[in-house]
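Visitor: My structure is stored as my_file-v8.cif, with mmCIF, C-alpha atoms (C1' of nucleotides).
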data_target
#
loop_
_atom_site.label_atom_id
_atom_site.label_comp_id
_atom_site.auth_asym_id
_atom_site.auth_seq_id
_atom_site.Cartn_x
_atom_site.Cartn_y
_atom_site.Cartn_z
CA MET A 1 57.01 -32.45 -14.88
CA ALA A 2 59.73 -30.17 -16.18
CA ARG A 3 63.19 -31.59 -16.63
CA LEU A 4 65.70 -30.64 -13.97
CA GLY A 5 67.94 -29.09 -16.59
CA ASP A 6 65.20 -26.64 -17.55
CA CYS A 7 64.61 -25.69 -13.92
CA ILE A 8 68.32 -25.07 -13.50
CA ALA A 9 68.52 -22.94 -16.64
CA MET A 10 65.57 -20.91 -15.40
CA MET A 11 67.18 -20.51 -11.97
CA ASP A 12 70.43 -19.33 -13.54
CA GLU A 13 68.66 -16.62 -15.50
CA GLY A 14 66.50 -15.66 -12.55
CA ILE A 15 69.47 -15.18 -10.23
CA GLY A 16 71.22 -13.24 -12.97
CA ARG A 17 68.31 -10.80 -13.18
CA VAL A 18 67.86 -10.50 -9.42
CA SER A 19 71.56 -9.83 -8.87
CA GLN A 20 71.31 -6.87 -11.24
CA VAL A 21 68.63 -5.31 -9.06
CA ILE A 22 70.36 -6.30 -5.80
CA PRO A 23 74.07 -6.12 -6.57
CA ASP A 24 75.41 -7.13 -3.15
CA MET A 25 73.79 -10.55 -3.40
CA PRO A 26 76.34 -13.38 -3.30
CA ALA A 27 75.20 -14.69 -6.67
CA THR A 28 77.66 -17.56 -7.00
CA GLU A 29 76.83 -18.95 -3.57
CA ALA A 30 73.11 -18.44 -4.13
CA ARG A 31 73.38 -20.44 -7.37
CA LEU A 32 75.24 -23.22 -5.60
CA THR A 33 72.64 -23.28 -2.84
CA ARG A 34 69.73 -23.47 -5.24
CA LEU A 35 71.54 -26.13 -7.29
CA LEU A 36 72.13 -28.24 -4.24
CA LEU A 37 68.54 -27.88 -3.09
CA MET A 38 67.15 -28.77 -6.50
CA VAL A 39 69.37 -31.80 -7.05
CA GLY A 40 68.83 -32.93 -3.47
CA GLN A 41 65.08 -32.69 -3.81
CA THR A 42 65.13 -34.60 -7.09
CA PHE A 43 67.17 -37.36 -5.45
CA ASP A 44 64.69 -37.44 -2.62
CA GLU A 45 61.77 -37.83 -4.99
CA ALA A 46 63.62 -40.57 -6.86
CA VAL A 47 64.18 -42.50 -3.64
CA GLU A 48 60.56 -42.07 -2.59
CA GLN A 49 59.50 -43.29 -6.02
CA ALA A 50 61.78 -46.30 -5.92
CA LEU A 51 60.47 -47.32 -2.50
CA LYS A 52 56.81 -46.91 -3.40
CA PRO A 53 56.34 -50.42 -4.87
CA ASN A 54 57.34 -51.77 -1.45
CA LYS A 55 54.76 -49.58 0.28
CA ILE A 56 57.29 -47.91 2.51
CA ASN A 57 58.29 -44.28 2.64
CA HIS A 58 61.72 -42.73 2.91
CA SER A 59 61.76 -41.97 6.64
CA ASP A 60 60.37 -45.36 7.62
CA PHE A 61 62.92 -47.03 5.35
CA LEU A 62 65.81 -44.97 6.71
CA THR A 63 64.83 -45.87 10.26
CA LEU A 64 64.73 -49.54 9.36
CA MET A 65 68.08 -49.30 7.56
CA ILE A 66 69.77 -47.79 10.61
CA LEU A 67 68.54 -50.68 12.72
CA TYR A 68 69.64 -53.14 10.03
CA SER A 69 73.11 -51.61 9.92
CA ARG A 70 73.59 -51.82 13.68
CA PRO A 71 75.68 -54.73 14.98
CA ASP A 72 72.99 -55.56 17.56
CA GLY A 73 70.04 -54.50 15.41
CA SER A 74 68.59 -52.26 18.12
CA SER A 75 68.31 -48.63 19.15
CA THR A 76 65.98 -46.23 20.95
CA PRO A 77 63.51 -43.66 19.60
CA GLY A 78 65.69 -40.81 20.82
CA GLU A 79 68.79 -42.08 19.07
CA LEU A 80 66.88 -42.79 15.89
CA CYS A 81 65.54 -39.24 15.98
CA GLU A 82 69.07 -37.88 16.04
CA TYR A 83 70.31 -39.92 13.13
CA THR A 84 67.23 -39.63 10.95
CA SER A 85 66.77 -35.91 11.72
CA GLN A 86 63.16 -36.66 12.61
CA GLY A 87 61.26 -35.17 15.50
CA ALA A 88 60.31 -37.40 18.39
CA THR A 89 56.67 -37.08 17.42
CA ASN A 90 57.25 -38.51 14.01
CA MET A 91 59.45 -41.29 15.33
CA THR A 92 56.49 -42.47 17.38
CA ARG A 93 54.46 -42.70 14.18
CA ILE A 94 57.27 -44.46 12.32
CA ALA A 95 57.72 -47.00 15.10
CA ASN A 96 53.98 -47.61 15.22
CA ALA A 97 53.95 -48.28 11.50
CA LEU A 98 56.95 -50.61 11.53
CA VAL A 99 55.69 -52.53 14.55
CA LYS A 100 52.35 -52.96 12.82
CA ARG A 101 54.13 -54.54 9.85
CA GLY A 102 56.15 -56.80 12.12
CA LEU A 103 59.47 -55.34 10.94
CA ILE A 104 60.55 -54.14 14.39
CA THR A 105 59.66 -54.77 18.03
CA ARG A 106 59.24 -52.17 20.74
CA GLY A 107 59.85 -52.93 24.43
CA ALA A 108 60.77 -51.20 27.67
CA SER A 109 64.42 -50.87 28.63
CA GLU A 110 65.68 -52.70 31.71
CA GLU A 111 68.17 -50.09 32.93
CA ASP A 112 66.12 -46.96 32.33
CA ARG A 113 62.43 -47.52 32.14
CA ARG A 114 61.82 -44.15 30.51
CA ARG A 115 63.50 -45.64 27.50
CA VAL A 116 62.00 -47.76 24.81
CA VAL A 117 64.14 -50.30 23.00
CA ILE A 118 63.45 -50.79 19.32
CA ARG A 119 64.80 -53.87 17.58
CA ILE A 120 64.65 -55.11 14.00
CA THR A 121 62.98 -58.52 13.58
CA PRO A 122 64.08 -61.37 11.29
CA ALA A 123 61.18 -60.36 9.04
CA GLY A 124 62.58 -56.82 9.02
CA ARG A 125 65.98 -58.12 7.94
CA ARG A 126 64.44 -60.22 5.18
CA PHE A 127 62.45 -57.19 4.01
CA VAL A 128 65.61 -55.09 3.74
CA GLN A 129 67.51 -57.82 1.95
CA LYS A 130 64.74 -58.23 -0.59
CA LEU A 131 64.28 -54.51 -1.05
CA LEU A 132 67.86 -53.33 -1.54
CA PRO A 133 69.21 -55.14 -4.62
CA PRO A 134 66.64 -53.72 -7.07
CA LEU A 135 67.75 -50.24 -6.01
CA PHE A 136 71.39 -50.80 -6.94
CA PRO A 137 71.14 -50.17 -10.70
CA ARG A 138 69.50 -46.77 -10.18
CA VAL A 139 72.01 -45.75 -7.52
CA SER A 140 74.87 -46.70 -9.81
CA SER A 141 73.52 -45.03 -12.89
CA ALA A 142 72.90 -41.75 -11.08
CA PHE A 143 76.67 -41.44 -11.02
CA ALA A 144 77.24 -42.80 -14.50
CA GLY A 145 80.12 -41.06 -16.19
CA PHE A 146 81.67 -39.98 -12.89
CA SER A 147 85.35 -40.89 -12.69
CA ASP A 148 86.75 -42.11 -9.39
CA ALA A 149 88.44 -38.73 -9.00
CA GLU A 150 85.12 -36.95 -9.52
CA LYS A 151 83.41 -39.15 -6.96
CA ARG A 152 86.14 -38.46 -4.44
CA SER A 153 85.96 -34.76 -5.20
CA PHE A 154 82.18 -34.71 -4.80
CA SER A 155 82.40 -36.58 -1.52
CA ARG A 156 85.07 -34.23 -0.21
CA LEU A 157 83.13 -31.10 -1.14
CA LEU A 158 79.91 -32.36 0.44
CA ARG A 159 81.74 -33.25 3.65
CA LYS A 160 83.41 -29.87 3.71
CA LEU A 161 80.02 -28.25 3.30
CA ALA A 162 78.67 -30.37 6.15
CA GLY A 163 81.50 -29.15 8.35
CA ASN A 164 80.60 -25.55 7.56
CA LEU A 165 76.95 -26.14 8.38
CA ASP A 166 77.83 -27.70 11.72
CA ARG A 167 79.97 -24.69 12.57
CA LEU A 168 77.19 -22.29 11.58
CA ASP A 169 74.71 -24.00 13.87
CA GLU A 170 77.10 -23.87 16.81
CA ALA A 171 78.39 -20.33 16.49
CA PRO A 172 75.26 -18.03 16.57
CA SER A 173 74.93 -17.11 20.28
CA PRO A 174 77.44 -18.79 22.63
CA MET B 175 69.80 -32.39 17.37
CA ALA B 176 72.90 -34.36 16.39
CA ARG B 177 75.56 -32.62 14.39
CA LEU B 178 75.65 -33.45 10.72
CA GLY B 179 79.21 -34.70 11.03
CA ASP B 180 78.09 -37.35 13.52
CA CYS B 181 75.27 -38.48 11.26
CA ILE B 182 77.71 -38.78 8.40
CA ALA B 183 80.19 -40.78 10.48
CA MET B 184 77.39 -43.09 11.53
CA MET B 185 76.22 -43.48 7.92
CA ASP B 186 79.77 -44.31 6.79
CA GLU B 187 80.06 -47.08 9.34
CA GLY B 188 76.56 -48.34 8.64
CA ILE B 189 77.15 -48.64 4.90
CA GLY B 190 80.46 -50.32 5.65
CA ARG B 191 78.72 -52.99 7.70
CA VAL B 192 75.85 -53.47 5.26
CA SER B 193 78.19 -53.83 2.30
CA GLN B 194 79.90 -56.72 4.08
CA VAL B 195 76.61 -58.57 4.29
CA ILE B 196 75.54 -57.56 0.79
CA PRO B 197 78.75 -57.39 -1.22
CA ASP B 198 77.28 -56.41 -4.59
CA MET B 199 75.99 -53.12 -3.19
CA PRO B 200 77.52 -50.08 -4.92
CA ALA B 201 78.90 -48.76 -1.64
CA THR B 202 80.65 -45.69 -2.99
CA GLU B 203 77.59 -44.50 -4.86
CA ALA B 204 75.32 -45.31 -1.93
CA ARG B 205 77.54 -43.18 0.31
CA LEU B 206 77.46 -40.31 -2.15
CA THR B 207 73.68 -40.57 -2.39
CA ARG B 208 73.21 -40.55 1.36
CA LEU B 209 75.68 -37.68 1.70
CA LEU B 210 73.84 -35.62 -0.86
CA LEU B 211 70.48 -36.35 0.75
CA MET B 212 71.75 -35.46 4.22
CA VAL B 213 73.47 -32.24 3.20
CA GLY B 214 70.54 -31.27 1.01
CA GLN B 215 68.06 -31.81 3.81
CA THR B 216 70.20 -29.80 6.24
CA PHE B 217 70.31 -26.95 3.74
CA ASP B 218 66.57 -27.17 3.38
CA GLU B 219 66.05 -26.95 7.12
CA ALA B 220 68.44 -24.01 7.31
CA VAL B 221 66.47 -22.14 4.64
CA GLU B 222 63.18 -22.90 6.36
CA GLN B 223 64.65 -21.67 9.64
CA ALA B 224 66.00 -18.48 8.09
CA LEU B 225 62.61 -17.69 6.54
CA LYS B 226 60.60 -18.38 9.70
CA PRO B 227 60.98 -14.87 11.20
CA ASN B 228 59.24 -13.57 8.07
CA LYS B 229 56.38 -16.03 8.52
CA ILE B 230 56.83 -17.54 5.10
CA ASN B 231 57.79 -21.09 4.21
CA HIS B 232 60.21 -22.34 1.58
CA SER B 233 57.74 -23.21 -1.17
CA ASP B 234 55.76 -19.98 -0.81
CA PHE B 235 59.03 -18.04 -0.85
CA LEU B 236 60.35 -19.87 -3.89
CA THR B 237 57.13 -19.18 -5.77
CA LEU B 238 57.36 -15.50 -4.92
CA MET B 239 61.04 -15.39 -5.93
CA ILE B 240 60.30 -16.85 -9.34
CA LEU B 241 57.73 -14.15 -9.92
CA TYR B 242 60.15 -11.52 -8.64
CA SER B 243 62.87 -12.73 -10.99
CA ARG B 244 60.62 -12.59 -14.05
CA PRO B 245 60.99 -9.54 -16.30
CA ASP B 246 57.23 -9.01 -16.29
CA GLY B 247 56.64 -10.27 -12.75
CA SER B 248 53.94 -12.71 -13.83
CA SER B 249 53.32 -16.37 -14.52
CA THR B 250 50.60 -19.04 -14.33
CA PRO B 251 49.97 -21.77 -11.75
CA GLY B 252 50.96 -24.46 -14.24
CA GLU B 253 54.28 -22.87 -15.03
CA LEU B 254 55.02 -22.24 -11.37
CA CYS B 255 54.29 -25.90 -10.67
CA GLU B 256 56.91 -26.95 -13.17
CA TYR B 257 59.63 -24.72 -11.84
CA THR B 258 58.94 -25.21 -8.14
CA SER B 259 58.39 -28.97 -8.53
CA GLN B 260 55.11 -28.56 -6.68
CA GLY B 261 51.90 -30.32 -7.52
CA ALA B 262 49.01 -28.29 -8.89
CA THR B 263 47.08 -28.89 -5.70
CA ASN B 264 49.72 -27.33 -3.54
CA MET B 265 50.17 -24.41 -5.91
CA THR B 266 46.53 -23.55 -5.34
CA ARG B 267 47.21 -23.38 -1.61
CA ILE B 268 50.39 -21.31 -2.13
CA ALA B 269 48.61 -18.83 -4.37
CA ASN B 270 45.76 -18.55 -1.87
CA ALA B 271 48.24 -17.76 0.91
CA LEU B 272 50.18 -15.19 -1.10
CA VAL B 273 47.04 -13.47 -2.36
CA LYS B 274 45.76 -13.27 1.21
CA ARG B 275 48.95 -11.44 2.21
CA GLY B 276 48.69 -9.08 -0.75
CA LEU B 277 52.01 -10.22 -2.23
CA ILE B 278 50.51 -11.44 -5.52
CA THR B 279 47.33 -11.00 -7.53
CA ARG B 280 45.40 -13.70 -9.31
CA GLY B 281 43.25 -12.96 -12.36
CA ALA B 282 41.78 -14.66 -15.43
CA SER B 283 43.77 -14.66 -18.66
CA GLU B 284 42.37 -12.77 -21.65
CA GLU B 285 43.53 -15.13 -24.40
CA ASP B 286 42.76 -18.42 -22.69
CA ARG B 287 40.12 -18.30 -20.03
CA ARG B 288 41.16 -21.62 -18.52
CA ARG B 289 44.35 -19.93 -17.44
CA VAL B 290 44.96 -17.91 -14.33
CA VAL B 291 47.53 -15.16 -14.39
CA ILE B 292 49.52 -14.66 -11.22
CA ARG B 293 51.44 -11.41 -10.76
CA ILE B 294 53.67 -10.07 -8.02
CA THR B 295 52.46 -6.83 -6.45
CA PRO B 296 54.59 -3.82 -5.43
CA ALA B 297 54.11 -4.99 -1.83
CA GLY B 298 55.41 -8.39 -2.92
CA ARG B 299 58.52 -6.78 -4.42
CA ARG B 300 59.13 -4.73 -1.29
CA PHE B 301 58.74 -7.88 0.81
CA VAL B 302 61.38 -9.71 -1.23
CA GLN B 303 63.76 -6.76 -1.14
CA LYS B 304 63.47 -6.51 2.61
CA LEU B 305 63.75 -10.25 3.15
CA LEU B 306 66.76 -11.10 0.99
CA PRO B 307 69.70 -9.06 2.36
CA PRO B 308 69.65 -10.63 5.86
CA LEU B 309 70.02 -14.04 4.20
CA PHE B 310 73.24 -13.13 2.41
CA PRO B 311 75.68 -13.66 5.30
CA ARG B 312 74.42 -17.18 5.91
CA VAL B 313 74.50 -18.08 2.22
CA SER B 314 78.07 -16.82 1.96
CA SER B 315 79.34 -18.50 5.08
CA ALA B 316 77.92 -21.87 4.07
CA PHE B 317 80.63 -21.86 1.42
CA ALA B 318 83.31 -20.34 3.63
CA GLY B 319 86.72 -21.76 2.81
CA PHE B 320 85.66 -22.83 -0.68
CA SER B 321 88.09 -21.60 -3.31
CA ASP B 322 86.74 -20.39 -6.64
CA ALA B 323 87.99 -23.60 -8.17
CA GLU B 324 86.12 -25.65 -5.60
CA LYS B 325 82.93 -23.70 -6.21
CA ARG B 326 83.25 -24.23 -9.95
CA SER B 327 83.95 -27.89 -9.39
CA PHE B 328 80.95 -28.31 -7.10
CA SER B 329 78.70 -26.54 -9.58
CA ARG B 330 79.95 -28.68 -12.44
CA LEU B 331 79.45 -31.93 -10.54
CA LEU B 332 75.92 -31.01 -9.44
CA ARG B 333 74.97 -30.08 -13.00
CA LYS B 334 76.43 -33.29 -14.31
CA LEU B 335 74.40 -35.20 -11.75
CA ALA B 336 71.29 -33.29 -12.81
CA GLY B 337 71.93 -34.33 -16.40
CA ASN B 338 72.15 -37.97 -15.33
CA LEU B 339 68.89 -37.74 -13.42
CA ASP B 340 67.10 -36.21 -16.40
CA ARG B 341 68.35 -39.04 -18.59
CA LEU B 342 67.21 -41.64 -16.08
CA ASP B 343 63.69 -40.24 -16.00
CA GLU B 344 63.46 -40.26 -19.78
CA ALA B 345 64.96 -43.64 -20.56
CA PRO B 346 62.84 -46.23 -18.63
CA SER B 347 60.52 -47.52 -21.37
CA PRO B 348 61.16 -46.07 -24.87
"C1'" DC C 349 29.82 -27.42 -36.80
"C1'" DT C 350 29.45 -30.39 -33.30
"C1'" DA C 351 31.40 -34.36 -30.20
"C1'" DA C 352 35.26 -36.22 -28.19
"C1'" DA C 353 39.73 -35.43 -26.23
"C1'" DT C 354 42.99 -32.34 -23.94
"C1'" DT C 355 44.46 -28.68 -20.99
"C1'" DT C 356 44.03 -25.88 -16.75
"C1'" DG C 357 42.92 -25.23 -12.35
"C1'" DT C 358 40.18 -26.28 -8.08
"C1'" DT C 359 38.07 -29.20 -4.27
"C1'" DC C 360 38.22 -33.11 -1.22
"C1'" DA C 361 40.14 -36.73 1.53
"C1'" DC C 362 44.25 -38.47 3.04
"C1'" DT C 363 49.46 -39.11 4.42
"C1'" DG C 364 53.63 -37.13 6.47
"C1'" DG C 365 55.74 -34.02 9.70
"C1'" DT C 366 55.94 -30.43 13.70
"C1'" DG C 367 55.31 -27.69 18.13
"C1'" DA C 368 53.28 -27.56 22.66
"C1'" DA C 369 51.47 -29.86 26.42
"C1'" DA C 370 50.91 -34.27 28.99
"C1'" DT C 371 52.95 -38.44 31.18
"C1'" DA C 372 56.24 -41.06 33.35
"C1'" DT C 373 60.68 -42.27 35.03
"C1'" DG C 374 64.97 -41.08 36.94
"C1'" DA C 375 68.48 -38.15 39.51
"C1'" DG C 376 70.04 -34.57 42.75
"C1'" DT C 377 69.07 -31.85 47.15
"C1'" DT C 378 68.10 -30.96 51.30
"C1'" DA D 379 61.23 -39.12 52.27
"C1'" DA D 380 59.53 -34.98 49.78
"C1'" DC D 381 60.76 -31.59 46.27
"C1'" DT D 382 62.50 -30.02 42.50
"C1'" DC D 383 64.67 -30.66 37.90
"C1'" DA D 384 65.92 -33.12 33.79
"C1'" DT D 385 65.05 -36.81 30.26
"C1'" DA D 386 62.30 -39.84 27.19
"C1'" DT D 387 58.26 -40.76 24.92
"C1'" DT D 388 53.49 -40.12 23.62
"C1'" DT D 389 49.14 -37.46 22.61
"C1'" DC D 390 46.82 -33.72 20.45
"C1'" DA D 391 46.04 -30.10 17.20
"C1'" DC D 392 47.68 -28.18 13.36
"C1'" DC D 393 50.53 -27.12 8.73
"C1'" DA D 394 52.33 -28.87 4.18
"C1'" DG D 395 51.97 -31.79 0.26
"C1'" DT D 396 49.63 -35.49 -2.81
"C1'" DG D 397 46.39 -38.39 -5.70
"C1'" DA D 398 41.78 -38.78 -7.49
"C1'" DA D 399 37.69 -36.79 -8.97
"C1'" DC D 400 35.64 -32.67 -10.90
"C1'" DA D 401 34.47 -28.38 -13.66
"C1'" DA D 402 35.40 -25.15 -17.23
"C1'" DA D 403 37.57 -23.71 -21.55
"C1'" DT D 404 39.80 -24.92 -25.63
"C1'" DT D 405 41.53 -27.81 -29.35
"C1'" DT D 406 41.03 -31.50 -32.58
"C1'" DA D 407 38.68 -34.87 -35.55
"C1'" DG D 408 34.88 -36.42 -38.04
#
Have the structure of the file written as structure tokens, please.
Guide:
Amino acid sequence: MARLGDCIAMMDEGIGRVSQVIPDMPATEARLTRLLLMVGQTFDEAVEQALKPNKINHSDFLTLMILYSRPDGSSTPGELCEYTSQGATNMTRIANALVKRGLITRGASEEDRRRVVIRITPAGRRFVQKLLPPLFPRVSSAFAGFSDAEKRSFSRLLRKLAGNLDRLDEAPSP
Amino acid sequence: MARLGDCIAMMDEGIGRVSQVIPDMPATEARLTRLLLMVGQTFDEAVEQALKPNKINHSDFLTLMILYSRPDGSSTPGELCEYTSQGATNMTRIANALVKRGLITRGASEEDRRRVVIRITPAGRRFVQKLLPPLFPRVSSAFAGFSDAEKRSFSRLLRKLAGNLDRLDEAPSP
DNA sequence: CTAAATTTGTTCACTGGTGAAATATGAGTT
DNA sequence: AACTCATATTTCACCAGTGAACAAATTTAG
């Protein structure tokens, strides 16, 4: 596969040419958008790749991690959908898969019997604890050469961007 | 769906709790990684959403845009795979779809008859020119409130990150 | 100059993810 | 109590993307 740097160089030239034909294009913002999408996708692929030896995919892993990070180790499909940005349909599949592997349990809620309570099992916790440490070196080295100030700056800019996106999704037709 | 800000808040707390149980986790870098993945995915969904009225998806659109941005308006499946980060299999499907809509043509190469030459049609160019302008306001407002310095900084940090990722993919076993 | 190796693209079978309808529980209204 | 209406989850049918096997054309090595 082509190196990311080459893809970026190609994108830079491409946007340059397009913005000559269509001058009112916001070229700087378009470049930033494409950059973010490309780097984000590459990160995504790297995560998927790193998880592959453990035979788990990104969305299943994320779901399990949310449960692991909860004080009580439990949640509901609906809540997990919100925080994983997955549709309810897919959460059913994810839960099926994780139950099958014995990493979570699924049971009916007492208070509201429409609800399903999902809970991480001891085996699920052990799985997470075994899986995480080998990922640390890659996570660290992705940000190799970043000063503390650069990390803070990157974090701030991403959060600012997130704020903008939230506002865009609210505004359209009130 | 939950607002991105809420997901981020939840992620911050979650990583905080996990890093107490697993102290040698690179928490700062893990947060940055999750942030980038979340913001990147939200951008992706926004693009997909914005393209939906035109009945075209992100990868088909990106493929068409690369052709549009080329001086000669042509390329080959292999090259398009590299720059779109798509597998060859999926590029076959994309090309089929775009040919069906009359936006590109697909023909055998003269020099090397293994190769297939893909070329954007006048209809394809018109389609792009009609499709792009309505996207501009959204692209601009995603970066609303970003100073020029912040945009430059964001661009620089993303490119630096891209460089790191390229180096990681090369290094493993030399 | 031919035989093996490489490159290019396609087909097939499968995994992952989504929208629309179905199901089931709960809550509010008369 | 019966009648909506809303909420939570699952089922079904479909779209998007991937790895493995394949076919065709070209390059390389003997």
Visitor: Show me, as a VMD selection string, every residue of chain B with an atom at most 8 Å from chain A, counting only C-alpha atoms.
Guide: chain B and resid 175 to 179 181 184 188 to 189 191 to 192 199 to 200 203 to 204 206 to 207 209 to 211 213 to 218 240 242 to 244 256 to 257 259 307 310 313 to 318 324 to 325 328 to 329 331 to 333 335 to 340 342
Visitor: Can you list every residue of range 210-289 of chain B that has an atom at most 12 Å from range 384-407 of chain D, with its nearest atom pair and the distance in Å to one decimal, using all atoms listed in the file, ordered by chain then number, as a Markdown table?
Guide:
| residue | atom | partner | partner_atom | distance |
| --- | --- | --- | --- | --- |
| B:Asn231 | CA | D:DA394 | C1' | 9.5 |
| B:His232 | CA | D:DA394 | C1' | 10.6 |
| B:Ser233 | CA | D:DA394 | C1' | 9.5 |
| B:Asp234 | CA | D:DA394 | C1' | 10.8 |
| B:Ser259 | CA | D:DG395 | C1' | 11.2 |
| B:Gln260 | CA | D:DG395 | C1' | 8.3 |
| B:Gly261 | CA | D:DT396 | C1' | 7.4 |
| B:Ala262 | CA | D:DT396 | C1' | 9.4 |
| B:Thr263 | CA | D:DT396 | C1' | 7.6 |
| B:Asn264 | CA | D:DG395 | C1' | 6.3 |
| B:Met265 | CA | D:DG395 | C1' | 9.8 |
| B:Thr266 | CA | D:DG395 | C1' | 11.4 |
| B:Arg267 | CA | D:DA394 | C1' | 9.5 |
| B:Ile268 | CA | D:DA394 | C1' | 10.0 |
| B:Ala282 | CA | D:DA403 | C1' | 11.7 |
| B:Ser283 | CA | D:DA403 | C1' | 11.3 |
| B:Glu284 | CA | D:DA403 | C1' | 11.9 |
| B:Glu285 | CA | D:DT404 | C1' | 10.5 |
| B:Asp286 | CA | D:DA403 | C1' | 7.5 |
| B:Arg287 | CA | D:DA403 | C1' | 6.2 |
| B:Arg288 | CA | D:DA403 | C1' | 5.1 |
| B:Arg289 | CA | D:DA403 | C1' | 8.8 |
Visitor: Mind giving me the straight-line distance from C1' of DC383 in chain D to CA of Thr76 in chain A in Å, one decimal?
Guide: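 Separating C1' of DC383 in chain D from CA of Thr76 in chain A is a distance of 23.1 Å.
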Visitor: Enclose the full set of atoms of range 210-226 of chain B listed in the file within a box whose edges lie along x, y and z, apply 8 Å of padding to each of the six sides, and report centre and edge lengths in Å to one decimal as AutoDock Vina command-line options.
Guide:
--center_x 67.2 --center_y -27.0 --center_z 4.4 --size_x 29.2 --size_y 34.7 --size_z 26.6
Visitor: Considering all atoms listed in the file, tabulate each residue of chain C that lies at most 8 Å from chain B along with its nearest interatomic pair and the corresponding distance in Å to one decimal; arrange the rows by chain and ascending residue number and present them as CSV.
Guide:
residue,atom,partner,partner_atom,distance
C:DT356,C1',B:Arg288,CA,5.4
C:DG357,C1',B:Arg288,CA,7.4
C:DT358,C1',B:Thr266,CA,7.4
Visitor: If you measure from CA of Gly247 in chain B to CA of Arg300 in chain B, what distance in Å do you get, rounded to one decimal?
Guide: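 Between these atoms lies a distance of 13.0 Å.
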Visitor: Give me, please, the distance in Å between CA of Pro296 in chain B and CA of Ile278 in chain B, quoted to one decimal.
Guide: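 Going from CA of Pro296 in chain B over to CA of Ile278 in chain B covers 8.6 Å.
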